[in-house]
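Inspection log for the structure reproduced underneath, given as structure tokens.
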Amino acid sequence: MKPQNINLQEVTDYLTLFAREQNLSAEDLKQRLERIYVECEQTGIYWQTTTELNYGAKVAWRNSVNCIGRISWQSLTVRDLRHLTTAVDIFAALVEHIEVATNRGKIRPTISIFAPQTAEEGIRIWNSQLIRYAGYRQPDGRVIGDPDRVELTKICQSMGWKGAGTSFDILPVIIKMPNQPPEMFDLPKEIIMEVPITHPNYPWLADLGLKWHALPVASDWRLEIGGISYPAAPFNGWYMSAEIGARNFGDAHRYNMLPIVAKKMGLNTSSKLSLWKDRALVELNVAVLHSFAECGVKIVDHHTASKQFMQHWKQEAAANRMVPADWGMTIPPISPSTTEVFHQPMENVCLKPNLFFQSAAWHRENDVVQTRVTVGGKITC
Ligand code: ARG
């Protein structure tokens, strides 16, 4: 990497924020910046201290405009794994991430940060989440499993993976080190906690055979702190129930469960006026909350999440900070107007450090696109 690739303004901005919020003296800041400028001059990049990295990752979460759960930003566990140089070691670290973050259901928000990008190509995890279900396109066009994962499933199959062909097969993880071919690894089954979906009042719902994994680990975002990019920095929080109950199960282009749930509930699905979709959606969300509670897995409902977000807003205001937020991504996909966030004007501005969308690693030529198109999307963290 050439020295001019590090934007010194970004370096100064972050170190100034770090010094202010971590109570560093003006003299310490000045000395640190001078050392960094020299390091950039000599090597083209600088190595962040573990505390700079740690705090930067937390602030990146605080600045994530899509996330309703940011009240917990200071509690993020940051794993500094910049020293790992092989896909095998990185995979072992991902397994450990899943274990420590799952914590037998008492989920711990965690980020694992791998080596920064120092050349044109950096480390990439091809999966958009570490734990995801395969989607198998059938000859008649239907999909068994998660239709959102058809493309990745095909890639895994082309690399030799043979899925069982059920609706809930965990995909292997693909890691690509710079200038090396991608490598594929199977996650050990026993580390993946899953929740079978049941309903407190509708015993038949269990017969639909639904389940979902406890841990959402986004793994294809680029973490940027002080001008340094970390293209492999998987992170997790815990689920908000609507992500699963409304979107993953409810979306027509995902598991598309509303028609069957409504039929089982005895609703009139031939008339839009019966609001069968809305009523089925509510019961699916009840089921998700009930099931996660039964299994002792941490989850938050959208009313509590909204309340916490508003509390976060107040805390940030008291610290003289605004809360940048994307309204469309922050409001829950179920009963939004019943939550306070719906009525809150929001400003969608990009502050750094932050996490940036990267296009699929097998489409690298599109990487100049830095922001995800949010139409129809719902990524909360
Ligand atoms: N919406 C995504 C999913 O259903 C997860 C995104 C991250 N969510 C979170 N609560 N941290 O899998």
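By convention here, the chains of the structure tokens are called A, B, ... in the order presented, each chain's residues are numbered starting at 1, and ligands are numbered starting at 1 in the order presented.
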For Asn103 of chain A: contacts at 12 Å, only C-alpha atoms, fewer than 5 positions along chain excluded, given as a ChimeraX atom specification: /A:96-98,108-110,191-193,214-215,238,296-298
Dump as a Markdown table the rows for residues of chain A within 8 Å of ligand 1: closest atom pair and distance in Å with one decimal, only C-alpha atoms and all ligand atoms counted, ordered by chain and rising residue number.
| residue | atom | partner | partner_atom_place_in_ligand_line | distance |
| --- | --- | --- | --- | --- |
| A:Cys67 | CA | ligand 1 | 11 (N) | 7.6 |
| A:Gly69 | CA | ligand 1 | 10 (N) | 7.5 |
| A:Gln129 | CA | ligand 1 | 12 (O) | 7.5 |
| A:Arg132 | CA | ligand 1 | 12 (O) | 7.8 |
| A:Pro216 | CA | ligand 1 | 5 (C) | 5.2 |
| A:Val217 | CA | ligand 1 | 7 (C) | 6.7 |
| A:Ala218 | CA | ligand 1 | 7 (C) | 6.2 |
| A:Phe235 | CA | ligand 1 | 11 (N) | 8.0 |
| A:Asn236 | CA | ligand 1 | 11 (N) | 5.3 |
| A:Gly237 | CA | ligand 1 | 11 (N) | 4.2 |
| A:Trp238 | CA | ligand 1 | 10 (N) | 4.8 |
| A:Tyr239 | CA | ligand 1 | 10 (N) | 3.8 |
| A:Met240 | CA | ligand 1 | 10 (N) | 5.4 |
| A:Glu243 | CA | ligand 1 | 4 (O) | 4.6 |
| A:Ile244 | CA | ligand 1 | 4 (O) | 5.4 |
| A:Arg247 | CA | ligand 1 | 4 (O) | 7.1 |
| A:Asn248 | CA | ligand 1 | 4 (O) | 5.9 |
| A:Lys378 | CA | ligand 1 | 1 (N) | 6.0 |
| A:Ile379 | CA | ligand 1 | 1 (N) | 4.8 |
| A:Thr380 | CA | ligand 1 | 8 (N) | 5.0 |
| A:Cys381 | CA | ligand 1 | 11 (N) | 4.4 |
Create the file for the chosen residues now, containing N, CA, C and O atoms and written as an mmCIF file, in the first residue's frame.
data_model
loop_
_atom_site.group_PDB
_atom_site.id
_atom_site.type_symbol
_atom_site.label_atom_id
_atom_site.label_comp_id
_atom_site.auth_asym_id
_atom_site.auth_seq_id
_atom_site.Cartn_x
_atom_site.Cartn_y
_atom_site.Cartn_z
ATOM 1 N N CYS A 67 -28.971 0.253 13.200
ATOM 2 C CA CYS A 67 -29.133 -0.611 14.371
ATOM 3 C C CYS A 67 -29.976 0.040 15.456
ATOM 4 O O CYS A 67 -29.674 1.144 15.924
ATOM 5 N N GLY A 69 -30.330 -1.428 18.368
ATOM 6 C CA GLY A 69 -29.832 -1.958 19.650
ATOM 7 C C GLY A 69 -28.583 -1.280 20.178
ATOM 8 O O GLY A 69 -27.868 -1.830 21.011
ATOM 9 N N GLN A 129 -23.445 -13.945 6.723
ATOM 10 C CA GLN A 129 -23.499 -14.222 8.161
ATOM 11 C C GLN A 129 -22.809 -15.557 8.395
ATOM 12 O O GLN A 129 -22.914 -16.462 7.568
ATOM 13 N N ARG A 132 -25.924 -19.462 8.636
ATOM 14 C CA ARG A 132 -27.008 -19.214 7.689
ATOM 15 C C ARG A 132 -27.472 -20.529 7.092
ATOM 16 O O ARG A 132 -26.692 -21.481 6.977
ATOM 17 N N PRO A 216 -27.010 -14.058 15.402
ATOM 18 C CA PRO A 216 -26.819 -13.404 14.097
ATOM 19 C C PRO A 216 -25.427 -12.773 14.023
ATOM 20 O O PRO A 216 -25.151 -11.796 14.699
ATOM 21 N N VAL A 217 -24.527 -13.349 13.220
ATOM 22 C CA VAL A 217 -23.160 -12.797 13.103
ATOM 23 C C VAL A 217 -22.930 -12.269 11.687
ATOM 24 O O VAL A 217 -22.670 -13.039 10.764
ATOM 25 N N ALA A 218 -23.047 -10.976 11.529
ATOM 26 C CA ALA A 218 -22.810 -10.359 10.217
ATOM 27 C C ALA A 218 -21.323 -10.459 9.908
ATOM 28 O O ALA A 218 -20.485 -10.084 10.732
ATOM 29 N N PHE A 235 -19.267 -9.535 13.413
ATOM 30 C CA PHE A 235 -19.787 -9.026 14.690
ATOM 31 C C PHE A 235 -21.214 -9.507 14.903
ATOM 32 O O PHE A 235 -21.933 -9.786 13.954
ATOM 33 N N ASN A 236 -21.575 -9.588 16.168
ATOM 34 C CA ASN A 236 -22.945 -10.010 16.480
ATOM 35 C C ASN A 236 -23.517 -9.236 17.646
ATOM 36 O O ASN A 236 -22.782 -8.741 18.504
ATOM 37 N N GLY A 237 -24.842 -9.142 17.636
ATOM 38 C CA GLY A 237 -25.591 -8.744 18.820
ATOM 39 C C GLY A 237 -26.529 -9.906 19.096
ATOM 40 O O GLY A 237 -26.214 -11.050 18.773
ATOM 41 N N TRP A 238 -27.696 -9.605 19.673
ATOM 42 C CA TRP A 238 -28.717 -10.642 19.759
ATOM 43 C C TRP A 238 -29.844 -10.257 18.818
ATOM 44 O O TRP A 238 -29.900 -9.135 18.310
ATOM 45 N N TYR A 239 -30.739 -11.168 18.575
ATOM 46 C CA TYR A 239 -31.837 -10.910 17.646
ATOM 47 C C TYR A 239 -32.905 -10.011 18.247
ATOM 48 O O TYR A 239 -33.172 -10.047 19.456
ATOM 49 N N MET A 240 -33.547 -9.228 17.385
ATOM 50 C CA MET A 240 -34.847 -8.658 17.705
ATOM 51 C C MET A 240 -35.850 -9.592 17.031
ATOM 52 O O MET A 240 -35.666 -9.972 15.862
ATOM 53 N N GLU A 243 -36.995 -9.652 13.316
ATOM 54 C CA GLU A 243 -36.069 -10.013 12.240
ATOM 55 C C GLU A 243 -36.364 -11.440 11.760
ATOM 56 O O GLU A 243 -36.272 -11.752 10.579
ATOM 57 N N ILE A 244 -36.725 -12.275 12.721
ATOM 58 C CA ILE A 244 -37.008 -13.668 12.381
ATOM 59 C C ILE A 244 -38.499 -13.841 12.064
ATOM 60 O O ILE A 244 -38.876 -14.314 10.998
ATOM 61 N N ARG A 247 -39.525 -10.970 9.142
ATOM 62 C CA ARG A 247 -38.786 -10.955 7.883
ATOM 63 C C ARG A 247 -38.365 -12.353 7.418
ATOM 64 O O ARG A 247 -38.737 -12.791 6.336
ATOM 65 N N ASN A 248 -37.574 -13.063 8.239
ATOM 66 C CA ASN A 248 -37.038 -14.343 7.760
ATOM 67 C C ASN A 248 -38.156 -15.360 7.487
ATOM 68 O O ASN A 248 -38.117 -16.079 6.493
ATOM 69 N N LYS A 378 -33.730 -5.124 5.562
ATOM 70 C CA LYS A 378 -33.888 -4.848 6.990
ATOM 71 C C LYS A 378 -32.688 -5.441 7.694
ATOM 72 O O LYS A 378 -32.640 -6.633 7.977
ATOM 73 N N ILE A 379 -31.704 -4.607 7.890
ATOM 74 C CA ILE A 379 -30.530 -5.084 8.602
ATOM 75 C C ILE A 379 -30.456 -4.231 9.844
ATOM 76 O O ILE A 379 -30.319 -3.013 9.734
ATOM 77 N N THR A 380 -30.641 -4.787 10.979
ATOM 78 C CA THR A 380 -30.720 -3.898 12.133
ATOM 79 C C THR A 380 -29.382 -3.644 12.777
ATOM 80 O O THR A 380 -29.245 -2.702 13.498
ATOM 81 N N CYS A 381 -28.441 -4.511 12.594
ATOM 82 C CA CYS A 381 -27.135 -4.232 13.188
ATOM 83 C C CYS A 381 -26.045 -4.598 12.225
ATOM 84 O O CYS A 381 -26.175 -5.563 11.553
#
Please report, as number ranges by chain, each residue of segment 194-285 of chain A to which DSSP assigns strand (DSSP E) when run on this structure's backbone. A: 194-196, 211-213, 217-218, 221-225, 228-230, 235-236, 239-240
Applying 10 Å and only C-alpha atoms, which residues near Ala242 of chain A remain after dropping the ones on its own chain fewer than 4 positions away? List them as a PyMOL selection string. chain A and resi 246-250+281-282+284-286+288-289+300-302+332-335
Export of the given selection (all heavy atoms) as a short mmCIF file (atom, residue, chain, number, x, y, z; two decimals), in the first residue's frame:
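Output below, filename part-v3.cif:
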data_model
loop_
_atom_site.label_atom_id
_atom_site.label_comp_id
_atom_site.auth_asym_id
_atom_site.auth_seq_id
_atom_site.Cartn_x
_atom_site.Cartn_y
_atom_site.Cartn_z
N ALA A 246 -40.98 -11.67 11.52
CA ALA A 246 -41.59 -10.90 10.44
C ALA A 246 -40.85 -11.11 9.12
O ALA A 246 -41.47 -11.39 8.09
CB ALA A 246 -41.62 -9.41 10.79
N ARG A 247 -39.53 -10.97 9.14
CA ARG A 247 -38.79 -10.95 7.88
C ARG A 247 -38.37 -12.35 7.42
O ARG A 247 -38.74 -12.79 6.34
CB ARG A 247 -37.58 -10.03 7.99
CG ARG A 247 -37.90 -8.61 8.43
CD ARG A 247 -38.85 -7.89 7.46
NE ARG A 247 -38.44 -8.05 6.07
CZ ARG A 247 -37.50 -7.32 5.46
NH1 ARG A 247 -36.90 -6.35 6.12
NH2 ARG A 247 -37.18 -7.54 4.21
N ASN A 248 -37.57 -13.06 8.24
CA ASN A 248 -37.04 -14.34 7.76
C ASN A 248 -38.16 -15.36 7.49
O ASN A 248 -38.12 -16.08 6.49
CB ASN A 248 -36.02 -14.91 8.75
CG ASN A 248 -34.85 -13.96 8.97
OD1 ASN A 248 -34.66 -13.00 8.23
ND2 ASN A 248 -34.06 -14.21 9.99
N PHE A 249 -39.16 -15.40 8.36
CA PHE A 249 -40.27 -16.33 8.15
C PHE A 249 -41.40 -15.72 7.32
O PHE A 249 -42.09 -16.41 6.57
CB PHE A 249 -40.86 -16.79 9.50
CG PHE A 249 -39.96 -17.68 10.30
CD1 PHE A 249 -40.14 -17.81 11.68
CD2 PHE A 249 -38.93 -18.40 9.69
CE1 PHE A 249 -39.31 -18.64 12.43
CE2 PHE A 249 -38.10 -19.23 10.44
CZ PHE A 249 -38.29 -19.35 11.81
N GLY A 250 -41.62 -14.41 7.46
CA GLY A 250 -42.81 -13.80 6.87
C GLY A 250 -42.65 -13.33 5.43
O GLY A 250 -43.61 -13.38 4.65
N LEU A 281 -48.82 -12.74 10.93
CA LEU A 281 -47.52 -12.14 11.26
C LEU A 281 -47.36 -11.95 12.77
O LEU A 281 -46.32 -12.27 13.35
CB LEU A 281 -47.43 -10.78 10.55
CG LEU A 281 -46.07 -10.11 10.47
CD1 LEU A 281 -45.11 -10.93 9.63
CD2 LEU A 281 -46.20 -8.72 9.86
N VAL A 282 -48.41 -11.46 13.41
CA VAL A 282 -48.35 -11.25 14.85
C VAL A 282 -48.11 -12.59 15.56
O VAL A 282 -47.25 -12.71 16.43
CB VAL A 282 -49.65 -10.59 15.37
CG1 VAL A 282 -49.71 -10.64 16.89
CG2 VAL A 282 -49.74 -9.16 14.88
N LEU A 284 -46.75 -15.33 14.42
CA LEU A 284 -45.39 -15.83 14.18
C LEU A 284 -44.40 -15.14 15.11
O LEU A 284 -43.46 -15.76 15.63
CB LEU A 284 -44.97 -15.56 12.73
CG LEU A 284 -45.15 -16.70 11.74
CD1 LEU A 284 -44.81 -16.22 10.33
CD2 LEU A 284 -44.24 -17.89 12.11
N ASN A 285 -44.61 -13.86 15.32
CA ASN A 285 -43.73 -13.11 16.23
C ASN A 285 -43.91 -13.54 17.68
O ASN A 285 -42.94 -13.64 18.43
CB ASN A 285 -43.93 -11.60 16.05
CG ASN A 285 -43.14 -11.09 14.86
OD1 ASN A 285 -41.98 -10.70 15.00
ND2 ASN A 285 -43.73 -11.14 13.69
N VAL A 286 -45.15 -13.83 18.05
CA VAL A 286 -45.41 -14.36 19.40
C VAL A 286 -44.65 -15.69 19.54
O VAL A 286 -44.00 -15.95 20.57
CB VAL A 286 -46.93 -14.59 19.62
CG1 VAL A 286 -47.20 -15.40 20.88
CG2 VAL A 286 -47.67 -13.25 19.67
N VAL A 288 -41.95 -16.75 17.98
CA VAL A 288 -40.49 -16.58 18.06
C VAL A 288 -40.09 -16.14 19.47
O VAL A 288 -39.18 -16.71 20.08
CB VAL A 288 -40.00 -15.57 17.00
CG1 VAL A 288 -38.56 -15.14 17.26
CG2 VAL A 288 -40.12 -16.16 15.59
N LEU A 289 -40.81 -15.16 20.02
CA LEU A 289 -40.48 -14.68 21.37
C LEU A 289 -40.66 -15.79 22.40
O LEU A 289 -39.80 -16.00 23.27
CB LEU A 289 -41.37 -13.48 21.74
CG LEU A 289 -40.92 -12.16 21.10
CD1 LEU A 289 -42.02 -11.11 21.18
CD2 LEU A 289 -39.64 -11.65 21.78
N VAL A 300 -34.83 -9.71 21.92
CA VAL A 300 -35.57 -8.52 22.37
C VAL A 300 -36.78 -8.34 21.46
O VAL A 300 -36.71 -8.56 20.26
CB VAL A 300 -34.64 -7.28 22.40
CG1 VAL A 300 -34.15 -6.88 21.01
CG2 VAL A 300 -35.32 -6.09 23.07
N ASP A 301 -37.91 -7.96 22.06
CA ASP A 301 -39.10 -7.66 21.25
C ASP A 301 -38.98 -6.22 20.75
O ASP A 301 -38.19 -5.43 21.28
CB ASP A 301 -40.37 -7.84 22.10
CG ASP A 301 -40.41 -6.83 23.22
OD1 ASP A 301 -40.91 -5.71 22.99
OD2 ASP A 301 -39.88 -7.13 24.32
N HIS A 302 -39.77 -5.86 19.75
CA HIS A 302 -39.59 -4.54 19.13
C HIS A 302 -40.03 -3.39 20.03
O HIS A 302 -39.52 -2.28 19.89
CB HIS A 302 -40.27 -4.47 17.76
CG HIS A 302 -41.67 -4.95 17.72
ND1 HIS A 302 -42.00 -6.29 17.83
CD2 HIS A 302 -42.84 -4.29 17.61
CE1 HIS A 302 -43.32 -6.41 17.76
NE2 HIS A 302 -43.85 -5.22 17.63
N PRO A 332 -39.35 -0.95 13.45
CA PRO A 332 -39.55 -2.39 13.31
C PRO A 332 -40.48 -2.73 12.14
O PRO A 332 -41.35 -1.92 11.79
CB PRO A 332 -40.17 -2.80 14.64
CG PRO A 332 -40.72 -1.57 15.24
CD PRO A 332 -39.93 -0.42 14.70
N PRO A 333 -40.32 -3.90 11.55
CA PRO A 333 -41.16 -4.27 10.40
C PRO A 333 -42.54 -4.77 10.82
O PRO A 333 -43.31 -5.18 9.97
CB PRO A 333 -40.35 -5.39 9.73
CG PRO A 333 -39.56 -5.99 10.83
CD PRO A 333 -39.27 -4.90 11.81
N ILE A 334 -42.83 -4.73 12.10
CA ILE A 334 -44.17 -5.12 12.56
C ILE A 334 -44.69 -4.02 13.48
O ILE A 334 -43.96 -3.54 14.35
CB ILE A 334 -44.15 -6.51 13.24
CG1 ILE A 334 -45.49 -6.81 13.89
CG2 ILE A 334 -43.03 -6.68 14.22
CD1 ILE A 334 -45.62 -8.24 14.38
N SER A 335 -45.93 -3.61 13.25
CA SER A 335 -46.59 -2.57 14.06
C SER A 335 -45.69 -1.37 14.35
O SER A 335 -45.63 -0.92 15.50
CB SER A 335 -47.06 -3.16 15.40
OG SER A 335 -47.69 -4.40 15.22
#
Excluding Val349 of chain A and its own-chain neighbours fewer than 3 positions away, which residues fall within 8 Å of it when counting only C-alpha atoms? Please give them as a ChimeraX atom specification. /A:65,324-325
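For the pair atom CA of Thr50 of chain A and atom CA of Gln180 of chain A, the separation is 27.8 Å.
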